file run11.cif (mmCIF, C-alpha atoms)
data_query
#
loop_
_atom_site.label_atom_id
_atom_site.label_comp_id
_atom_site.auth_asym_id
_atom_site.auth_seq_id
_atom_site.Cartn_x
_atom_site.Cartn_y
_atom_site.Cartn_z
CA MET E 442 91.56 105.34 102.74
CA ASN E 443 89.96 106.99 99.71
CA THR E 444 89.99 105.32 96.30
CA ARG E 445 92.47 107.72 94.65
CA LYS E 446 94.96 107.40 97.51
CA LYS E 447 94.66 103.61 97.45
CA GLY E 448 95.13 103.58 93.66
CA THR E 449 98.26 105.71 93.97
CA GLU E 450 99.64 103.38 96.63
CA TYR E 451 99.23 100.32 94.41
CA GLU E 452 100.55 102.12 91.34
CA GLN E 453 103.69 102.95 93.34
CA ALA E 454 104.00 99.27 94.33
CA ALA E 455 103.69 98.35 90.63
CA ILE E 456 106.37 100.91 89.72
CA ARG E 457 108.77 99.44 92.29
CA TYR E 458 108.04 95.95 91.02
CA LEU E 459 108.55 96.90 87.36
CA GLN E 460 111.78 98.75 88.12
CA GLY E 461 112.99 95.61 89.88
CA GLN E 462 112.27 93.73 86.66
CA GLY E 463 114.39 96.18 84.65
CA VAL E 464 111.64 98.42 83.27
CA ALA E 465 112.58 102.11 82.94
CA ILE E 466 109.60 104.21 84.04
CA LEU E 467 108.96 107.13 81.69
CA GLU E 468 105.75 108.52 83.22
CA HIS E 469 102.92 107.63 85.51
CA ASN E 470 99.35 108.88 85.60
CA PHE E 471 99.53 110.29 82.08
CA ARG E 472 96.15 112.01 81.73
CA ILE E 473 94.29 113.65 78.90
CA ARG E 474 90.62 114.49 78.56
CA ARG E 475 89.86 111.11 77.00
CA GLY E 476 91.40 109.06 79.80
CA GLU E 477 94.62 108.07 81.48
CA ILE E 478 97.39 105.52 81.46
CA ASP E 479 98.67 104.41 84.85
CA ILE E 480 102.32 103.81 83.91
CA ILE E 481 104.37 104.25 80.75
CA GLY E 482 107.71 102.51 80.63
CA ARG E 483 110.49 101.17 78.48
CA ASP E 484 111.13 97.41 78.43
CA GLY E 485 113.94 96.63 76.04
CA GLU E 486 112.91 97.97 72.65
CA TYR E 487 109.25 98.39 73.64
CA THR E 488 107.40 101.42 74.91
CA VAL E 489 104.91 99.80 77.27
CA PHE E 490 101.58 101.18 78.42
CA PHE E 491 100.66 99.60 81.76
CA GLU E 492 97.28 99.35 83.42
CA VAL E 493 97.39 98.57 87.15
CA LYS E 494 94.48 96.74 88.76
CA TYR E 495 94.14 95.86 92.44
CA ARG E 496 91.79 93.55 94.30
CA ARG E 497 91.91 92.66 97.97
CA ASP E 498 91.37 89.00 96.99
CA ASN E 499 90.18 87.02 94.01
CA THR E 500 86.59 86.41 95.16
CA VAL E 501 85.32 88.57 92.28
CA GLY E 502 87.96 87.30 89.85
CA ASP E 503 91.48 88.13 88.84
CA PRO E 504 92.17 91.88 88.83
CA ALA E 505 93.36 91.67 85.21
CA GLU E 506 89.86 90.62 84.15
CA ALA E 507 88.68 94.14 85.00
CA VAL E 508 90.58 95.50 81.98
CA ASN E 509 87.64 95.06 79.63
CA TYR E 510 87.27 96.06 75.99
CA GLY E 511 86.14 99.61 76.82
CA LYS E 512 89.13 100.19 79.10
CA GLN E 513 91.47 98.72 76.49
CA ARG E 514 90.05 101.04 73.82
CA THR E 515 90.55 104.06 76.09
CA ILE E 516 94.14 103.06 76.87
CA CYS E 517 94.87 102.67 73.15
CA ARG E 518 93.43 106.11 72.34
CA VAL E 519 95.48 107.75 75.08
CA ALA E 520 98.55 105.80 73.94
CA ASP E 521 98.04 107.05 70.38
CA TYR E 522 98.04 110.62 71.66
CA TYR E 523 101.16 109.99 73.79
CA ARG E 524 102.94 108.50 70.78
CA MET E 525 101.93 111.48 68.62
CA ILE E 526 103.18 114.16 71.03
CA HIS E 527 106.45 112.28 71.53
CA GLY E 528 107.07 111.83 67.80
CA MET E 529 106.81 108.06 67.84
CA GLY E 530 106.05 106.69 64.41
CA ASP E 531 103.96 103.68 63.51
CA LEU E 532 107.09 101.53 63.49
CA THR E 533 107.87 102.21 67.16
CA PRO E 534 107.32 98.91 68.99
CA VAL E 535 104.65 99.25 71.67
CA ARG E 536 103.02 96.83 74.05
CA TYR E 537 100.00 96.90 76.35
CA ASP E 538 100.58 95.18 79.68
CA VAL E 539 98.55 94.72 82.85
CA VAL E 540 99.96 94.61 86.36
CA ALA E 541 97.46 92.77 88.56
CA ILE E 542 97.82 93.07 92.32
CA CYS E 543 95.77 90.59 94.33
CA GLY E 544 96.36 91.07 98.03
CA GLU E 545 100.16 91.14 98.24
CA GLU E 546 100.80 89.17 95.04
CA ILE E 547 101.85 91.04 91.89
CA THR E 548 101.43 89.45 88.46
CA TRP E 549 102.71 91.11 85.30
CA TYR E 550 100.78 90.17 82.15
CA GLN E 551 102.92 91.13 79.20
CA ASN E 552 101.19 91.81 75.89
CA ALA E 553 97.83 91.54 77.69
CA PHE E 554 95.90 92.90 74.72
CA GLU E 555 96.41 94.08 71.16
CA HIS E 556 96.04 97.67 69.98
CA ILE E 557 92.45 98.66 69.26
CA TYR E 558 92.20 101.03 66.32
CA GLY E 559 89.72 103.88 66.08
#
call {"tool": "encode", "arguments": {"input": "run11.cif", "output": "structure tokens"}}
result
Amino acid sequence: MNTRKKGTEYEQAAIRYLQGQGVAILEHNFRIRRGEIDIIGRDGEYTVFFEVKYRRDNTVGDPAEAVNYGKQRTICRVADYYRMIHGMGDLTPVRYDVVAICGEEITWYQNAFEHIYG
């Protein structure tokens, strides 16, 4: 199975999981030239930008550890653009979460990182 197809499969698993937790999915695979956000959802009052990471097992570490500073910065830049085109002001509550899938186990890390400006 190619990497894109596998990524889509695990993103769909994350979407099903999040919907089961009460998250309303707004978009998935939101792409612009600067990067992409896997899933955008609504959890209570928060607009949440989700990064999905999969590993077959944890021999190379927890999948969430792969969301490094560079990836976080990219997600924040794309999120800023999404917020701008949807008219969300600076007072709109947002959160950056990671959904880590290790084998068959799904872990949702809420507020996994803070917004990175610039």
call {"tool": "residues_around", "arguments": {"input": "run11.cif", "residues": "Val464 (chain E)", "least_positions_apart": "6", "cutoff": "12 Å", "atoms": "only C-alpha atoms", "output": "PDB file with C-alpha atoms, in the coordinates of the input"}}
result
ATOM      1  CA  ALA E 455     103.690  98.350  90.630  1.00  0.00           C
ATOM      2  CA  ILE E 456     106.370 100.910  89.720  1.00  0.00           C
ATOM      3  CA  ARG E 457     108.770  99.440  92.290  1.00  0.00           C
ATOM      4  CA  TYR E 458     108.040  95.950  91.020  1.00  0.00           C
ATOM      5  CA  ILE E 480     102.320 103.810  83.910  1.00  0.00           C
ATOM      6  CA  ILE E 481     104.370 104.250  80.750  1.00  0.00           C
ATOM      7  CA  GLY E 482     107.710 102.510  80.630  1.00  0.00           C
ATOM      8  CA  ARG E 483     110.490 101.170  78.480  1.00  0.00           C
ATOM      9  CA  ASP E 484     111.130  97.410  78.430  1.00  0.00           C
ATOM     10  CA  GLY E 485     113.940  96.630  76.040  1.00  0.00           C
ATOM     11  CA  GLU E 486     112.910  97.970  72.650  1.00  0.00           C
ATOM     12  CA  TYR E 487     109.250  98.390  73.640  1.00  0.00           C
ATOM     13  CA  THR E 488     107.400 101.420  74.910  1.00  0.00           C
ATOM     14  CA  VAL E 489     104.910  99.800  77.270  1.00  0.00           C
ATOM     15  CA  PHE E 490     101.580 101.180  78.420  1.00  0.00           C
ATOM     16  CA  PHE E 491     100.660  99.600  81.760  1.00  0.00           C
ATOM     17  CA  TRP E 549     102.710  91.110  85.300  1.00  0.00           C
TER      18      TRP E 549
END
call {"tool": "closest_residue", "arguments": {"input": "run11.cif", "among": "E:Ala553, E:Ala505, E:Ala465, E:Ile473", "to": "Asp538 (chain E)", "atoms": "all atoms listed in the file"}}
result
E:Ala553
call {"tool": "closest_residue", "arguments": {"input": "run11.cif", "among": "E:Arg474, E:Ala520, E:Glu545, E:Gln513", "to": "Asp498 (chain E)", "atoms": "only C-alpha atoms"}}
result
E:Glu545
call {"tool": "atom_distance", "arguments": {"input": "run11.cif", "atom1": "CA of Asp531 (chain E)", "atom2": "CA of His556 (chain E)"}}
result
11.9 Å
call {"tool": "resolve_selection", "arguments": {"input": "run11.cif", "expression": "the PyMOL selection byres ((chain E and resi 522-526) around 10)", "output": "VMD selection string"}}
result
chain E and resid 471 to 473 475 478 481 488 490 516 to 521 527 to 531 533 535
call {"tool": "write_last_selection", "arguments": {"input": "run11.cif", "atoms": "C-alpha atoms", "output": "CSV table (one decimal), in the coordinates of the input"}}
result
chain,number,residue,atom,x,y,z
E,471,PHE,CA,99.5,110.3,82.1
E,472,ARG,CA,96.2,112.0,81.7
E,473,ILE,CA,94.3,113.6,78.9
E,475,ARG,CA,89.9,111.1,77.0
E,478,ILE,CA,97.4,105.5,81.5
E,481,ILE,CA,104.4,104.2,80.8
E,488,THR,CA,107.4,101.4,74.9
E,490,PHE,CA,101.6,101.2,78.4
E,516,ILE,CA,94.1,103.1,76.9
E,517,CYS,CA,94.9,102.7,73.2
E,518,ARG,CA,93.4,106.1,72.3
E,519,VAL,CA,95.5,107.8,75.1
E,520,ALA,CA,98.6,105.8,73.9
E,521,ASP,CA,98.0,107.0,70.4
E,527,HIS,CA,106.4,112.3,71.5
E,528,GLY,CA,107.1,111.8,67.8
E,529,MET,CA,106.8,108.1,67.8
E,530,GLY,CA,106.0,106.7,64.4
E,531,ASP,CA,104.0,103.7,63.5
E,533,THR,CA,107.9,102.2,67.2
E,535,VAL,CA,104.6,99.2,71.7
call {"tool": "atom_distance", "arguments": {"input": "run11.cif", "atom1": "CA of Arg497 (chain E)", "atom2": "CA of Gly544 (chain E)"}}
result
4.7 Å
call {"tool": "closest_residue", "arguments": {"input": "run11.cif", "among": "E:Leu532, E:Glu452, E:Lys446, E:Glu468", "to": "Val493 (chain E)", "atoms": "only C-alpha atoms"}}
result
E:Glu452
call {"tool": "atom_distance", "arguments": {"input": "run11.cif", "atom1": "CA of Glu492 (chain E)", "atom2": "CA of Tyr550 (chain E)"}}
result
9.9 Å
call {"tool": "closest_residue", "arguments": {"input": "run11.cif", "among": "E:Ile557, E:Val508, E:Gln551, E:Glu546", "to": "Ala454 (chain E)", "atoms": "only C-alpha atoms"}}
result
E:Glu546
call {"tool": "closest_residue", "arguments": {"input": "run11.cif", "among": "E:Cys543, E:Gln460, E:Arg536, E:Glu555", "to": "Tyr495 (chain E)", "atoms": "all atoms listed in the file"}}
result
E:Cys543
call {"tool": "axis_aligned_box", "arguments": {"input": "run11.cif", "around": "region 504-520 of chain E", "padding_each_side": "5 Å", "output": "AutoDock Vina command-line options"}}
result
--center_x 92.3 --center_y 99.2 --center_z 80.6 --size_x 22.4 --size_y 27.1 --size_z 26.5
call {"tool": "decode", "arguments": {"input": "run11.cif", "residues": "region 481-510 of chain E", "atoms": "N, CA and C atoms", "output": "compact mmCIF listing (two decimals), in the first residue's frame"}}
result
# COMPACT_ATOMS: atom_id res chain seq x y z
N ILE E 481 -9.67 19.28 10.59
CA ILE E 481 -10.11 20.46 11.32
C ILE E 481 -11.48 20.14 11.87
N GLY E 482 -11.65 20.37 13.16
CA GLY E 482 -12.91 20.02 13.79
C GLY E 482 -13.35 21.04 14.82
N ARG E 483 -14.52 20.77 15.37
CA ARG E 483 -15.09 21.62 16.41
C ARG E 483 -15.32 20.75 17.63
N ASP E 484 -14.67 21.12 18.74
CA ASP E 484 -14.82 20.41 20.01
C ASP E 484 -15.27 21.43 21.04
N GLY E 485 -16.58 21.42 21.31
CA GLY E 485 -17.13 22.43 22.20
C GLY E 485 -16.96 23.80 21.59
N GLU E 486 -16.34 24.71 22.31
CA GLU E 486 -16.14 26.07 21.81
C GLU E 486 -14.89 26.21 20.94
N TYR E 487 -14.08 25.17 20.88
CA TYR E 487 -12.79 25.24 20.19
C TYR E 487 -12.87 24.80 18.73
N THR E 488 -12.17 25.54 17.88
CA THR E 488 -11.83 25.05 16.54
C THR E 488 -10.49 24.34 16.74
N VAL E 489 -10.44 23.08 16.35
CA VAL E 489 -9.26 22.26 16.63
C VAL E 489 -8.60 21.84 15.33
N PHE E 490 -7.28 22.02 15.30
CA PHE E 490 -6.47 21.61 14.16
C PHE E 490 -5.73 20.34 14.58
N PHE E 491 -6.05 19.24 13.92
CA PHE E 491 -5.52 17.93 14.30
C PHE E 491 -4.42 17.48 13.34
N GLU E 492 -3.36 16.95 13.90
CA GLU E 492 -2.34 16.25 13.13
C GLU E 492 -2.46 14.77 13.48
N VAL E 493 -2.50 13.92 12.47
CA VAL E 493 -2.61 12.47 12.67
C VAL E 493 -1.26 11.84 12.36
N LYS E 494 -0.77 11.03 13.29
CA LYS E 494 0.49 10.32 13.08
C LYS E 494 0.28 8.84 13.37
N TYR E 495 0.82 8.00 12.49
CA TYR E 495 0.69 6.55 12.62
C TYR E 495 2.07 5.90 12.68
N ARG E 496 2.17 4.90 13.51
CA ARG E 496 3.33 4.01 13.54
C ARG E 496 2.81 2.58 13.72
N ARG E 497 3.47 1.67 13.08
CA ARG E 497 3.09 0.25 13.20
C ARG E 497 3.25 -0.22 14.64
N ASP E 498 4.32 0.24 15.30
CA ASP E 498 4.56 -0.06 16.71
C ASP E 498 5.39 1.08 17.28
N ASN E 499 5.74 0.96 18.56
CA ASN E 499 6.46 2.08 19.18
C ASN E 499 7.96 1.86 19.27
N THR E 500 8.52 1.02 18.41
CA THR E 500 9.96 0.77 18.46
C THR E 500 10.78 2.02 18.15
N VAL E 501 10.25 2.93 17.37
CA VAL E 501 10.96 4.19 17.09
C VAL E 501 10.35 5.35 17.86
N GLY E 502 9.53 5.04 18.86
CA GLY E 502 8.93 6.07 19.70
C GLY E 502 7.45 6.25 19.43
N ASP E 503 6.84 7.03 20.29
CA ASP E 503 5.42 7.34 20.16
C ASP E 503 5.19 8.15 18.89
N PRO E 504 4.13 7.86 18.15
CA PRO E 504 3.87 8.61 16.92
C PRO E 504 3.76 10.12 17.15
N ALA E 505 3.25 10.52 18.29
CA ALA E 505 3.09 11.96 18.57
C ALA E 505 4.43 12.68 18.62
N GLU E 506 5.50 11.96 18.93
CA GLU E 506 6.83 12.58 18.99
C GLU E 506 7.31 13.05 17.62
N ALA E 507 6.68 12.55 16.56
CA ALA E 507 7.07 12.95 15.20
C ALA E 507 6.54 14.33 14.83
N VAL E 508 5.69 14.91 15.67
CA VAL E 508 5.18 16.25 15.42
C VAL E 508 6.17 17.23 16.05
N ASN E 509 7.26 17.47 15.33
CA ASN E 509 8.35 18.30 15.83
C ASN E 509 8.05 19.79 15.64
N TYR E 510 8.99 20.61 16.05
CA TYR E 510 8.81 22.06 16.00
C TYR E 510 8.50 22.55 14.57
